[in-house]
file input_39.cif (mmCIF, N, CA and C atoms)
data_target
loop_
_atom_site.label_atom_id
_atom_site.label_comp_id
_atom_site.auth_asym_id
_atom_site.auth_seq_id
_atom_site.Cartn_x
_atom_site.Cartn_y
_atom_site.Cartn_z
N MET T 1 -47.93 18.79 185.22
CA MET T 1 -47.56 19.80 184.27
C MET T 1 -46.09 20.15 184.47
N SER T 2 -45.38 20.27 183.39
CA SER T 2 -43.95 20.53 183.48
C SER T 2 -43.66 21.96 183.91
N LYS T 3 -42.47 22.14 184.44
CA LYS T 3 -42.05 23.48 184.85
C LYS T 3 -42.07 24.43 183.66
N SER T 4 -41.67 23.96 182.50
CA SER T 4 -41.64 24.83 181.33
C SER T 4 -43.05 25.33 180.96
N THR T 5 -44.05 24.49 181.11
CA THR T 5 -45.43 24.92 180.84
C THR T 5 -45.86 25.97 181.85
N ASP T 6 -45.53 25.76 183.10
CA ASP T 6 -45.85 26.75 184.13
C ASP T 6 -45.14 28.08 183.87
N GLU T 7 -43.90 28.01 183.45
CA GLU T 7 -43.15 29.24 183.13
C GLU T 7 -43.76 29.96 181.95
N LEU T 8 -44.16 29.21 180.94
CA LEU T 8 -44.80 29.81 179.76
C LEU T 8 -46.11 30.48 180.15
N ARG T 9 -46.90 29.81 180.97
CA ARG T 9 -48.17 30.39 181.44
C ARG T 9 -47.91 31.68 182.21
N ASP T 10 -46.92 31.67 183.09
CA ASP T 10 -46.60 32.86 183.88
C ASP T 10 -46.19 34.02 182.98
N ARG T 11 -45.39 33.73 181.95
CA ARG T 11 -44.96 34.80 181.03
C ARG T 11 -46.16 35.40 180.29
N TRP T 12 -47.05 34.56 179.81
CA TRP T 12 -48.23 35.06 179.09
C TRP T 12 -49.19 35.78 180.03
N ASP T 13 -49.31 35.30 181.26
CA ASP T 13 -50.13 36.02 182.24
C ASP T 13 -49.60 37.43 182.45
N ALA T 14 -48.28 37.55 182.59
CA ALA T 14 -47.66 38.87 182.82
C ALA T 14 -47.78 39.77 181.60
N PHE T 15 -47.84 39.18 180.41
CA PHE T 15 -47.83 39.92 179.15
C PHE T 15 -49.24 40.21 178.62
N ALA T 16 -50.26 39.64 179.23
CA ALA T 16 -51.61 39.66 178.67
C ALA T 16 -52.15 41.06 178.39
N HIS T 17 -52.06 41.96 179.33
CA HIS T 17 -52.64 43.30 179.12
C HIS T 17 -51.89 44.09 178.06
N LEU T 18 -50.58 43.96 178.02
CA LEU T 18 -49.80 44.62 176.98
C LEU T 18 -50.15 44.04 175.61
N PHE T 19 -50.26 42.73 175.54
CA PHE T 19 -50.65 42.08 174.28
C PHE T 19 -52.01 42.61 173.81
N ALA T 20 -52.98 42.61 174.72
CA ALA T 20 -54.34 43.04 174.35
C ALA T 20 -54.38 44.48 173.88
N SER T 21 -53.60 45.35 174.51
CA SER T 21 -53.68 46.77 174.18
C SER T 21 -52.79 47.19 173.02
N ARG T 22 -51.70 46.48 172.77
CA ARG T 22 -50.75 46.97 171.77
C ARG T 22 -50.42 46.01 170.63
N ILE T 23 -50.64 44.74 170.81
CA ILE T 23 -50.16 43.78 169.81
C ILE T 23 -51.29 43.04 169.12
N GLU T 24 -52.37 42.78 169.82
CA GLU T 24 -53.44 41.97 169.27
C GLU T 24 -53.95 42.50 167.92
N GLY T 25 -54.06 43.79 167.77
CA GLY T 25 -54.54 44.36 166.51
C GLY T 25 -53.72 43.92 165.32
N THR T 26 -52.42 43.81 165.50
CA THR T 26 -51.54 43.35 164.42
C THR T 26 -51.79 41.88 164.10
N THR T 27 -51.99 41.06 165.11
CA THR T 27 -52.22 39.63 164.88
C THR T 27 -53.56 39.38 164.18
N LEU T 28 -54.49 40.32 164.31
CA LEU T 28 -55.80 40.16 163.68
C LEU T 28 -55.73 40.22 162.16
N GLN T 29 -54.70 40.84 161.62
CA GLN T 29 -54.56 40.87 160.16
C GLN T 29 -54.46 39.46 159.60
N LEU T 30 -53.62 38.63 160.19
CA LEU T 30 -53.49 37.24 159.76
C LEU T 30 -54.74 36.44 160.14
N ALA T 31 -55.27 36.67 161.32
CA ALA T 31 -56.45 35.93 161.78
C ALA T 31 -57.61 36.09 160.81
N ARG T 32 -57.82 37.29 160.32
CA ARG T 32 -58.93 37.52 159.38
C ARG T 32 -58.76 36.69 158.11
N THR T 33 -57.53 36.57 157.64
CA THR T 33 -57.25 35.74 156.47
C THR T 33 -57.55 34.28 156.78
N LEU T 34 -57.09 33.80 157.93
CA LEU T 34 -57.35 32.40 158.32
C LEU T 34 -58.84 32.14 158.45
N ILE T 35 -59.55 33.06 159.05
CA ILE T 35 -60.98 32.91 159.27
C ILE T 35 -61.72 32.82 157.92
N THR T 36 -61.31 33.63 156.97
CA THR T 36 -61.90 33.56 155.63
C THR T 36 -61.68 32.19 155.01
N GLN T 37 -60.48 31.65 155.15
CA GLN T 37 -60.16 30.34 154.57
C GLN T 37 -60.94 29.20 155.23
N LEU T 38 -61.32 29.37 156.47
CA LEU T 38 -62.05 28.32 157.19
C LEU T 38 -63.52 28.20 156.79
N ARG T 39 -64.04 29.17 156.05
CA ARG T 39 -65.45 29.15 155.64
C ARG T 39 -66.37 28.83 156.81
N LEU T 40 -66.32 29.70 157.80
CA LEU T 40 -67.04 29.45 159.05
C LEU T 40 -68.55 29.49 158.91
N GLY T 41 -69.05 30.05 157.85
CA GLY T 41 -70.51 30.05 157.65
C GLY T 41 -71.08 28.65 157.55
N ASP T 42 -70.24 27.68 157.15
CA ASP T 42 -70.67 26.29 157.03
C ASP T 42 -70.31 25.46 158.26
N ALA T 43 -69.62 26.04 159.22
CA ALA T 43 -69.12 25.29 160.38
C ALA T 43 -70.25 24.99 161.37
N THR T 44 -70.11 23.84 162.03
CA THR T 44 -71.03 23.50 163.11
C THR T 44 -70.36 23.66 164.47
N ALA T 45 -69.01 23.59 164.49
CA ALA T 45 -68.29 23.69 165.76
C ALA T 45 -66.85 24.14 165.49
N LEU T 46 -66.47 25.25 166.09
CA LEU T 46 -65.12 25.81 165.94
C LEU T 46 -64.38 25.74 167.26
N LEU T 47 -63.14 25.24 167.19
CA LEU T 47 -62.25 25.27 168.34
C LEU T 47 -61.10 26.21 168.02
N GLU T 48 -60.91 27.22 168.86
CA GLU T 48 -59.77 28.11 168.71
C GLU T 48 -58.83 27.87 169.89
N VAL T 49 -57.60 27.46 169.58
CA VAL T 49 -56.59 27.16 170.58
C VAL T 49 -55.56 28.27 170.59
N GLY T 50 -55.14 28.66 171.78
CA GLY T 50 -54.18 29.77 171.89
C GLY T 50 -54.83 31.07 171.48
N ALA T 51 -56.03 31.30 171.95
CA ALA T 51 -56.84 32.44 171.51
C ALA T 51 -56.39 33.77 172.05
N GLY T 52 -55.44 33.76 172.98
CA GLY T 52 -54.96 35.03 173.52
C GLY T 52 -56.09 35.83 174.14
N ALA T 53 -56.12 37.10 173.83
CA ALA T 53 -57.10 38.02 174.41
C ALA T 53 -58.45 37.99 173.72
N GLY T 54 -58.65 37.07 172.77
CA GLY T 54 -59.96 36.85 172.18
C GLY T 54 -60.33 37.67 170.97
N GLY T 55 -59.42 38.46 170.44
CA GLY T 55 -59.74 39.30 169.29
C GLY T 55 -60.18 38.51 168.08
N ALA T 56 -59.46 37.46 167.74
CA ALA T 56 -59.85 36.64 166.59
C ALA T 56 -61.15 35.90 166.87
N ALA T 57 -61.37 35.54 168.12
CA ALA T 57 -62.61 34.86 168.48
C ALA T 57 -63.82 35.77 168.27
N VAL T 58 -63.65 37.05 168.51
CA VAL T 58 -64.73 38.01 168.25
C VAL T 58 -65.06 38.01 166.76
N VAL T 59 -64.04 38.06 165.92
CA VAL T 59 -64.24 38.05 164.47
C VAL T 59 -64.87 36.72 164.04
N SER T 60 -64.38 35.61 164.59
CA SER T 60 -64.93 34.29 164.27
C SER T 60 -66.41 34.21 164.64
N ARG T 61 -66.74 34.67 165.83
CA ARG T 61 -68.13 34.60 166.31
C ARG T 61 -69.05 35.35 165.37
N GLU T 62 -68.60 36.46 164.84
CA GLU T 62 -69.42 37.24 163.90
C GLU T 62 -69.65 36.50 162.59
N THR T 63 -68.76 35.57 162.26
CA THR T 63 -68.82 34.83 161.01
C THR T 63 -69.60 33.52 161.14
N LEU T 64 -69.57 32.92 162.32
CA LEU T 64 -70.26 31.65 162.57
C LEU T 64 -71.77 31.84 162.56
N SER T 65 -72.48 30.77 162.24
CA SER T 65 -73.95 30.82 162.35
C SER T 65 -74.32 30.89 163.83
N ALA T 66 -75.52 31.32 164.10
CA ALA T 66 -75.99 31.45 165.49
C ALA T 66 -76.05 30.11 166.20
N THR T 67 -76.17 29.02 165.45
CA THR T 67 -76.28 27.69 166.06
C THR T 67 -74.94 26.97 166.20
N ALA T 68 -73.90 27.51 165.63
CA ALA T 68 -72.58 26.85 165.69
C ALA T 68 -72.01 26.93 167.10
N ARG T 69 -71.41 25.83 167.53
CA ARG T 69 -70.73 25.79 168.82
C ARG T 69 -69.36 26.43 168.66
N HIS T 70 -68.94 27.21 169.65
CA HIS T 70 -67.69 27.97 169.57
C HIS T 70 -66.95 27.81 170.89
N SER T 71 -65.76 27.20 170.84
CA SER T 71 -64.93 27.01 172.02
C SER T 71 -63.60 27.70 171.83
N VAL T 72 -63.17 28.41 172.86
CA VAL T 72 -61.97 29.23 172.82
C VAL T 72 -61.10 28.87 174.02
N THR T 73 -59.82 28.58 173.76
CA THR T 73 -58.92 28.21 174.86
C THR T 73 -57.64 29.02 174.80
N ASP T 74 -57.01 29.14 175.96
CA ASP T 74 -55.67 29.69 176.06
C ASP T 74 -55.02 29.12 177.31
N LEU T 75 -53.72 29.02 177.29
CA LEU T 75 -52.95 28.53 178.44
C LEU T 75 -52.96 29.52 179.59
N SER T 76 -53.04 30.80 179.27
CA SER T 76 -52.94 31.88 180.25
C SER T 76 -54.29 32.24 180.85
N SER T 77 -54.39 32.18 182.18
CA SER T 77 -55.64 32.56 182.83
C SER T 77 -55.93 34.05 182.64
N ALA T 78 -54.89 34.87 182.56
CA ALA T 78 -55.10 36.31 182.32
C ALA T 78 -55.67 36.56 180.93
N MET T 79 -55.18 35.83 179.93
CA MET T 79 -55.72 35.96 178.57
C MET T 79 -57.17 35.48 178.54
N VAL T 80 -57.44 34.39 179.21
CA VAL T 80 -58.81 33.86 179.25
C VAL T 80 -59.76 34.88 179.87
N LYS T 81 -59.34 35.53 180.92
CA LYS T 81 -60.17 36.55 181.56
C LYS T 81 -60.49 37.70 180.61
N ILE T 82 -59.49 38.17 179.87
CA ILE T 82 -59.71 39.25 178.90
C ILE T 82 -60.65 38.79 177.80
N ALA T 83 -60.44 37.58 177.29
CA ALA T 83 -61.28 37.04 176.22
C ALA T 83 -62.73 36.90 176.67
N ARG T 84 -62.94 36.42 177.89
CA ARG T 84 -64.31 36.26 178.41
C ARG T 84 -65.04 37.59 178.43
N GLU T 85 -64.33 38.67 178.73
CA GLU T 85 -64.96 39.99 178.77
C GLU T 85 -65.41 40.46 177.39
N LYS T 86 -64.77 39.95 176.33
CA LYS T 86 -65.09 40.38 174.97
C LYS T 86 -66.17 39.53 174.31
N LEU T 87 -66.32 38.31 174.76
CA LEU T 87 -67.14 37.33 174.05
C LEU T 87 -68.49 37.11 174.73
N PRO T 88 -69.50 36.78 173.96
CA PRO T 88 -70.81 36.49 174.55
C PRO T 88 -70.77 35.21 175.37
N ASP T 89 -71.73 35.07 176.26
CA ASP T 89 -71.80 33.89 177.13
C ASP T 89 -71.92 32.59 176.36
N ALA T 90 -72.45 32.62 175.16
CA ALA T 90 -72.63 31.41 174.36
C ALA T 90 -71.29 30.78 173.95
N VAL T 91 -70.21 31.54 174.01
CA VAL T 91 -68.89 31.03 173.65
C VAL T 91 -68.27 30.37 174.88
N ASP T 92 -67.82 29.14 174.71
CA ASP T 92 -67.15 28.40 175.77
C ASP T 92 -65.69 28.86 175.81
N VAL T 93 -65.35 29.65 176.81
CA VAL T 93 -63.99 30.20 176.96
C VAL T 93 -63.37 29.56 178.18
N ARG T 94 -62.22 28.90 177.99
CA ARG T 94 -61.60 28.24 179.14
C ARG T 94 -60.09 28.17 179.02
N GLU T 95 -59.47 28.08 180.18
CA GLU T 95 -58.02 27.88 180.25
C GLU T 95 -57.74 26.42 179.91
N ALA T 96 -56.86 26.19 178.96
CA ALA T 96 -56.50 24.82 178.58
C ALA T 96 -55.15 24.83 177.88
N ASN T 97 -54.40 23.81 178.15
CA ASN T 97 -53.11 23.59 177.50
C ASN T 97 -53.38 23.02 176.10
N GLY T 98 -52.83 23.64 175.08
CA GLY T 98 -53.03 23.18 173.71
C GLY T 98 -52.54 21.78 173.45
N GLU T 99 -51.71 21.24 174.33
CA GLU T 99 -51.22 19.88 174.20
C GLU T 99 -52.10 18.86 174.92
N GLU T 100 -53.05 19.34 175.72
CA GLU T 100 -53.93 18.46 176.50
C GLU T 100 -55.33 19.05 176.53
N LEU T 101 -55.96 19.11 175.39
CA LEU T 101 -57.26 19.76 175.29
C LEU T 101 -58.37 18.92 175.92
N PRO T 102 -59.33 19.55 176.59
CA PRO T 102 -60.38 18.83 177.31
C PRO T 102 -61.60 18.52 176.46
N TYR T 103 -61.39 18.08 175.23
CA TYR T 103 -62.51 17.80 174.32
C TYR T 103 -62.35 16.40 173.73
N GLU T 104 -63.47 15.81 173.37
CA GLU T 104 -63.46 14.51 172.70
C GLU T 104 -62.89 14.67 171.29
N ASP T 105 -62.22 13.65 170.82
CA ASP T 105 -61.72 13.64 169.44
C ASP T 105 -62.88 13.84 168.47
N ALA T 106 -62.61 14.55 167.40
CA ALA T 106 -63.57 14.77 166.30
C ALA T 106 -64.84 15.50 166.74
N SER T 107 -64.74 16.34 167.76
CA SER T 107 -65.94 17.07 168.19
C SER T 107 -66.03 18.46 167.59
N PHE T 108 -65.11 18.81 166.68
CA PHE T 108 -65.13 20.11 165.99
C PHE T 108 -64.90 19.88 164.50
N ASP T 109 -65.54 20.70 163.69
CA ASP T 109 -65.27 20.60 162.26
C ASP T 109 -64.39 21.75 161.75
N ARG T 110 -64.01 22.66 162.63
CA ARG T 110 -63.06 23.72 162.29
C ARG T 110 -62.12 23.93 163.47
N TYR T 111 -60.89 24.28 163.15
CA TYR T 111 -59.85 24.49 164.17
C TYR T 111 -59.06 25.73 163.76
N LEU T 112 -58.86 26.63 164.71
CA LEU T 112 -58.09 27.85 164.45
C LEU T 112 -57.00 28.00 165.50
N ALA T 113 -55.79 28.16 165.03
CA ALA T 113 -54.65 28.44 165.91
C ALA T 113 -53.82 29.51 165.20
N ASN T 114 -53.94 30.74 165.66
CA ASN T 114 -53.29 31.87 165.00
C ASN T 114 -52.00 32.24 165.72
N LEU T 115 -50.88 32.04 165.06
CA LEU T 115 -49.57 32.45 165.56
C LEU T 115 -49.22 31.85 166.92
N ASN T 116 -49.51 30.55 167.09
CA ASN T 116 -49.15 29.94 168.36
C ASN T 116 -48.68 28.51 168.30
N LEU T 117 -48.79 27.84 167.18
CA LEU T 117 -48.38 26.44 167.13
C LEU T 117 -46.89 26.25 167.38
N MET T 118 -46.11 27.30 167.18
CA MET T 118 -44.66 27.20 167.47
C MET T 118 -44.39 27.05 168.96
N LEU T 119 -45.40 27.26 169.80
CA LEU T 119 -45.25 27.14 171.25
C LEU T 119 -45.65 25.75 171.76
N VAL T 120 -46.23 24.92 170.88
CA VAL T 120 -46.68 23.60 171.28
C VAL T 120 -45.60 22.59 170.95
N GLY T 121 -45.24 21.77 171.92
CA GLY T 121 -44.16 20.78 171.74
C GLY T 121 -44.56 19.55 171.03
#
call {"tool": "encode", "arguments": {"input": "input_39.cif", "output": "structure tokens"}}
result
Amino acid sequence: MSKSTDELRDRWDAFAHLFASRIEGTTLQLARTLITQLRLGDATALLEVGAGAGGAAVVSRETLSATARHSVTDLSSAMVKIAREKLPDAVDVREANGEELPYEDASFDRYLANLNLMLVG
């Protein structure tokens, strides 16, 4: 892993609690629009990359069918910890680099990345 990835992770780890308490609510405005466009009621498997503190994942989970697989990732271990506290055990929440995801190709029929693709090289 490059030094820049480690530095980015460290910054997000340090920022996680402030993000969750003061900023995440604002990002949810766009996330709700994206979630509507994804038509999650028809989804069988959703992957959310760069999920941050899990706010959008909570909204997504409410929209997905009970049988749909739901995976949530973030580069920051601190963000992952916060997200795990918000989400049910059925949601696969894990630390993962958006550039090196630990999933087989074509294993999801929906993909959500809210306000984070500008961070992926």
call {"tool": "closest_residue", "arguments": {"input": "input_39.cif", "among": "T:Leu18, T:Val93, T:Arg110, T:Glu104", "to": "T:Leu38", "atoms": "all atoms listed in the file"}}
result
T:Arg110
call {"tool": "select_by_dssp", "arguments": {"input": "input_39.cif", "residues": "stretch 10-118 of chain T", "states": "alpha helix (DSSP H)", "output": "CSV table (one decimal) with N, CA and C atoms, in the coordinates of the input"}}
result
chain,number,residue,atom,x,y,z
T,10,ASP,N,-46.9,31.7,183.1
T,10,ASP,CA,-46.6,32.9,183.9
T,10,ASP,C,-46.2,34.0,183.0
T,11,ARG,N,-45.4,33.7,182.0
T,11,ARG,CA,-45.0,34.8,181.0
T,11,ARG,C,-46.2,35.4,180.3
T,12,TRP,N,-47.0,34.6,179.8
T,12,TRP,CA,-48.2,35.1,179.1
T,12,TRP,C,-49.2,35.8,180.0
T,13,ASP,N,-49.3,35.3,181.3
T,13,ASP,CA,-50.1,36.0,182.2
T,13,ASP,C,-49.6,37.4,182.4
T,14,ALA,N,-48.3,37.6,182.6
T,14,ALA,CA,-47.7,38.9,182.8
T,14,ALA,C,-47.8,39.8,181.6
T,15,PHE,N,-47.8,39.2,180.4
T,15,PHE,CA,-47.8,39.9,179.2
T,15,PHE,C,-49.2,40.2,178.6
T,16,ALA,N,-50.3,39.6,179.2
T,16,ALA,CA,-51.6,39.7,178.7
T,16,ALA,C,-52.2,41.1,178.4
T,17,HIS,N,-52.1,42.0,179.3
T,17,HIS,CA,-52.6,43.3,179.1
T,17,HIS,C,-51.9,44.1,178.1
T,18,LEU,N,-50.6,44.0,178.0
T,18,LEU,CA,-49.8,44.6,177.0
T,18,LEU,C,-50.2,44.0,175.6
T,24,GLU,N,-52.4,42.8,169.8
T,24,GLU,CA,-53.4,42.0,169.3
T,24,GLU,C,-54.0,42.5,167.9
T,25,GLY,N,-54.1,43.8,167.8
T,25,GLY,CA,-54.5,44.4,166.5
T,25,GLY,C,-53.7,43.9,165.3
T,26,THR,N,-52.4,43.8,165.5
T,26,THR,CA,-51.5,43.4,164.4
T,26,THR,C,-51.8,41.9,164.1
T,27,THR,N,-52.0,41.1,165.1
T,27,THR,CA,-52.2,39.6,164.9
T,27,THR,C,-53.6,39.4,164.2
T,28,LEU,N,-54.5,40.3,164.3
T,28,LEU,CA,-55.8,40.2,163.7
T,28,LEU,C,-55.7,40.2,162.2
T,29,GLN,N,-54.7,40.8,161.6
T,29,GLN,CA,-54.6,40.9,160.2
T,29,GLN,C,-54.5,39.5,159.6
T,30,LEU,N,-53.6,38.6,160.2
T,30,LEU,CA,-53.5,37.2,159.8
T,30,LEU,C,-54.7,36.4,160.1
T,31,ALA,N,-55.3,36.7,161.3
T,31,ALA,CA,-56.4,35.9,161.8
T,31,ALA,C,-57.6,36.1,160.8
T,32,ARG,N,-57.8,37.3,160.3
T,32,ARG,CA,-58.9,37.5,159.4
T,32,ARG,C,-58.8,36.7,158.1
T,33,THR,N,-57.5,36.6,157.6
T,33,THR,CA,-57.2,35.7,156.5
T,33,THR,C,-57.6,34.3,156.8
T,34,LEU,N,-57.1,33.8,157.9
T,34,LEU,CA,-57.4,32.4,158.3
T,34,LEU,C,-58.8,32.1,158.4
T,35,ILE,N,-59.6,33.1,159.0
T,35,ILE,CA,-61.0,32.9,159.3
T,35,ILE,C,-61.7,32.8,157.9
T,36,THR,N,-61.3,33.6,157.0
T,36,THR,CA,-61.9,33.6,155.6
T,36,THR,C,-61.7,32.2,155.0
T,37,GLN,N,-60.5,31.6,155.2
T,37,GLN,CA,-60.2,30.3,154.6
T,37,GLN,C,-60.9,29.2,155.2
T,38,LEU,N,-61.3,29.4,156.5
T,38,LEU,CA,-62.0,28.3,157.2
T,38,LEU,C,-63.5,28.2,156.8
T,55,GLY,N,-59.4,38.5,170.4
T,55,GLY,CA,-59.7,39.3,169.3
T,55,GLY,C,-60.2,38.5,168.1
T,56,ALA,N,-59.5,37.5,167.7
T,56,ALA,CA,-59.8,36.6,166.6
T,56,ALA,C,-61.2,35.9,166.9
T,57,ALA,N,-61.4,35.5,168.1
T,57,ALA,CA,-62.6,34.9,168.5
T,57,ALA,C,-63.8,35.8,168.3
T,58,VAL,N,-63.6,37.0,168.5
T,58,VAL,CA,-64.7,38.0,168.2
T,58,VAL,C,-65.1,38.0,166.8
T,59,VAL,N,-64.0,38.1,165.9
T,59,VAL,CA,-64.2,38.0,164.5
T,59,VAL,C,-64.9,36.7,164.0
T,60,SER,N,-64.4,35.6,164.6
T,60,SER,CA,-64.9,34.3,164.3
T,60,SER,C,-66.4,34.2,164.6
T,61,ARG,N,-66.7,34.7,165.8
T,61,ARG,CA,-68.1,34.6,166.3
T,61,ARG,C,-69.0,35.4,165.4
T,62,GLU,N,-68.6,36.5,164.8
T,62,GLU,CA,-69.4,37.2,163.9
T,62,GLU,C,-69.6,36.5,162.6
T,63,THR,N,-68.8,35.6,162.3
T,63,THR,CA,-68.8,34.8,161.0
T,63,THR,C,-69.6,33.5,161.1
T,77,SER,N,-54.4,32.2,182.2
T,77,SER,CA,-55.6,32.6,182.8
T,77,SER,C,-55.9,34.0,182.6
T,78,ALA,N,-54.9,34.9,182.6
T,78,ALA,CA,-55.1,36.3,182.3
T,78,ALA,C,-55.7,36.6,180.9
T,79,MET,N,-55.2,35.8,179.9
T,79,MET,CA,-55.7,36.0,178.6
T,79,MET,C,-57.2,35.5,178.5
T,80,VAL,N,-57.4,34.4,179.2
T,80,VAL,CA,-58.8,33.9,179.2
T,80,VAL,C,-59.8,34.9,179.9
T,81,LYS,N,-59.3,35.5,180.9
T,81,LYS,CA,-60.2,36.6,181.6
T,81,LYS,C,-60.5,37.7,180.6
T,82,ILE,N,-59.5,38.2,179.9
T,82,ILE,CA,-59.7,39.2,178.9
T,82,ILE,C,-60.6,38.8,177.8
T,83,ALA,N,-60.4,37.6,177.3
T,83,ALA,CA,-61.3,37.0,176.2
T,83,ALA,C,-62.7,36.9,176.7
T,84,ARG,N,-62.9,36.4,177.9
T,84,ARG,CA,-64.3,36.3,178.4
T,84,ARG,C,-65.0,37.6,178.4
T,85,GLU,N,-64.3,38.7,178.7
T,85,GLU,CA,-65.0,40.0,178.8
T,85,GLU,C,-65.4,40.5,177.4
T,86,LYS,N,-64.8,40.0,176.3
T,86,LYS,CA,-65.1,40.4,175.0
T,86,LYS,C,-66.2,39.5,174.3
call {"tool": "closest_residue", "arguments": {"input": "input_39.cif", "among": "T:Pro102, T:Gly55, T:Leu112, T:Ala78", "to": "T:Gln37", "atoms": "only C-alpha atoms"}}
result
T:Leu112
call {"tool": "resolve_selection", "arguments": {"input": "input_39.cif", "expression": "the PyMOL selection byres (((chain T and resi 45 and name CA) around 6) and name CA)", "output": "list of chain:residue names"}}
result
T:Ala43, T:Thr44, T:Leu46, T:Ala68, T:Arg69, T:His70, T:Phe108, T:Asp109
call {"tool": "closest_residue", "arguments": {"input": "input_39.cif", "among": "T:Thr67, T:Thr36, T:Thr26, T:Thr73", "to": "T:Ala51", "atoms": "all atoms listed in the file"}}
result
T:Thr73
call {"tool": "residues_around", "arguments": {"input": "input_39.cif", "residues": "T:Leu75", "least_positions_apart": "3", "cutoff": "6.5 Å", "atoms": "all atoms listed in the file", "output": "ChimeraX atom specification"}}
result
/T:9,50-51,78,95-98
call {"tool": "closest_residue", "arguments": {"input": "input_39.cif", "among": "T:Asn114, T:Ser21, T:Ser65, T:Ser76", "to": "T:Ile35", "atoms": "only C-alpha atoms"}}
result
T:Asn114
call {"tool": "closest_residue", "arguments": {"input": "input_39.cif", "among": "T:Ala53, T:Gln29, T:Glu24, T:Arg11", "to": "T:Lys86", "atoms": "only N, CA and C atoms"}}
result
T:Ala53
call {"tool": "atom_distance", "arguments": {"input": "input_39.cif", "atom1": "atom CA of T:Lys81", "atom2": "atom CA of T:Leu8"}}
result
16.9 Å
call {"tool": "closest_residue", "arguments": {"input": "input_39.cif", "among": "T:Ala14, T:Arg94, T:Val59, T:Gly54", "to": "T:Ile82", "atoms": "all atoms listed in the file"}}
result
T:Gly54
call {"tool": "atom_distance", "arguments": {"input": "input_39.cif", "atom1": "atom CA of T:Ala83", "atom2": "atom C of T:Leu30"}}
result
17.4 Å
call {"tool": "atom_distance", "arguments": {"input": "input_39.cif", "atom1": "atom CA of T:Val49", "atom2": "atom CA of T:Asp74"}}
result
6.1 Å
call {"tool": "select_by_dssp", "arguments": {"input": "input_39.cif", "residues": "stretch 11-104 of chain T", "states": "strand (DSSP E)", "output": "PyMOL selection string"}}
result
chain T and resi 45-48+69-74+92-95
call {"tool": "decode", "arguments": {"input": "input_39.cif", "residues": "stretch 14-18 of chain T", "atoms": "all heavy atoms", "output": "PDB file, in the first residue's frame"}}
result
ATOM      1  N   ALA T  14      -8.844  10.181  11.687  1.00  0.00           N
ATOM      2  CA  ALA T  14      -8.845  11.323  12.613  1.00  0.00           C
ATOM      3  C   ALA T  14     -10.123  12.152  12.481  1.00  0.00           C
ATOM      4  O   ALA T  14     -10.576  12.773  13.444  1.00  0.00           O
ATOM      5  CB  ALA T  14      -7.614  12.193  12.368  1.00  0.00           C
ATOM      6  N   PHE T  15     -10.719  12.162  11.299  1.00  0.00           N
ATOM      7  CA  PHE T  15     -11.876  13.005  10.994  1.00  0.00           C
ATOM      8  C   PHE T  15     -13.211  12.283  11.218  1.00  0.00           C
ATOM      9  O   PHE T  15     -14.275  12.898  11.188  1.00  0.00           O
ATOM     10  CB  PHE T  15     -11.754  13.445   9.529  1.00  0.00           C
ATOM     11  CG  PHE T  15     -12.782  14.405   9.045  1.00  0.00           C
ATOM     12  CD1 PHE T  15     -12.958  15.642   9.638  1.00  0.00           C
ATOM     13  CD2 PHE T  15     -13.573  14.082   7.952  1.00  0.00           C
ATOM     14  CE1 PHE T  15     -13.906  16.544   9.169  1.00  0.00           C
ATOM     15  CE2 PHE T  15     -14.523  14.973   7.471  1.00  0.00           C
ATOM     16  CZ  PHE T  15     -14.685  16.197   8.082  1.00  0.00           C
ATOM     17  N   ALA T  16     -13.189  10.991  11.467  1.00  0.00           N
ATOM     18  CA  ALA T  16     -14.396  10.169  11.463  1.00  0.00           C
ATOM     19  C   ALA T  16     -15.485  10.662  12.406  1.00  0.00           C
ATOM     20  O   ALA T  16     -16.653  10.779  12.012  1.00  0.00           O
ATOM     21  CB  ALA T  16     -14.035   8.716  11.798  1.00  0.00           C
ATOM     22  N   HIS T  17     -15.161  10.938  13.644  1.00  0.00           N
ATOM     23  CA  HIS T  17     -16.207  11.333  14.601  1.00  0.00           C
ATOM     24  C   HIS T  17     -16.789  12.703  14.281  1.00  0.00           C
ATOM     25  O   HIS T  17     -17.997  12.916  14.413  1.00  0.00           O
ATOM     26  CB  HIS T  17     -15.675  11.260  16.031  1.00  0.00           C
ATOM     27  CG  HIS T  17     -15.498   9.845  16.472  1.00  0.00           C
ATOM     28  ND1 HIS T  17     -16.552   9.011  16.770  1.00  0.00           N
ATOM     29  CD2 HIS T  17     -14.381   9.091  16.619  1.00  0.00           C
ATOM     30  CE1 HIS T  17     -16.103   7.819  17.083  1.00  0.00           C
ATOM     31  NE2 HIS T  17     -14.788   7.838  17.003  1.00  0.00           N
ATOM     32  N   LEU T  18     -15.967  13.622  13.825  1.00  0.00           N
ATOM     33  CA  LEU T  18     -16.473  14.934  13.411  1.00  0.00           C
ATOM     34  C   LEU T  18     -17.378  14.782  12.190  1.00  0.00           C
ATOM     35  O   LEU T  18     -18.452  15.372  12.126  1.00  0.00           O
ATOM     36  CB  LEU T  18     -15.314  15.886  13.111  1.00  0.00           C
ATOM     37  CG  LEU T  18     -15.707  17.286  12.660  1.00  0.00           C
ATOM     38  CD1 LEU T  18     -16.490  18.005  13.752  1.00  0.00           C
ATOM     39  CD2 LEU T  18     -14.463  18.084  12.280  1.00  0.00           C
TER      40      LEU T  18
END
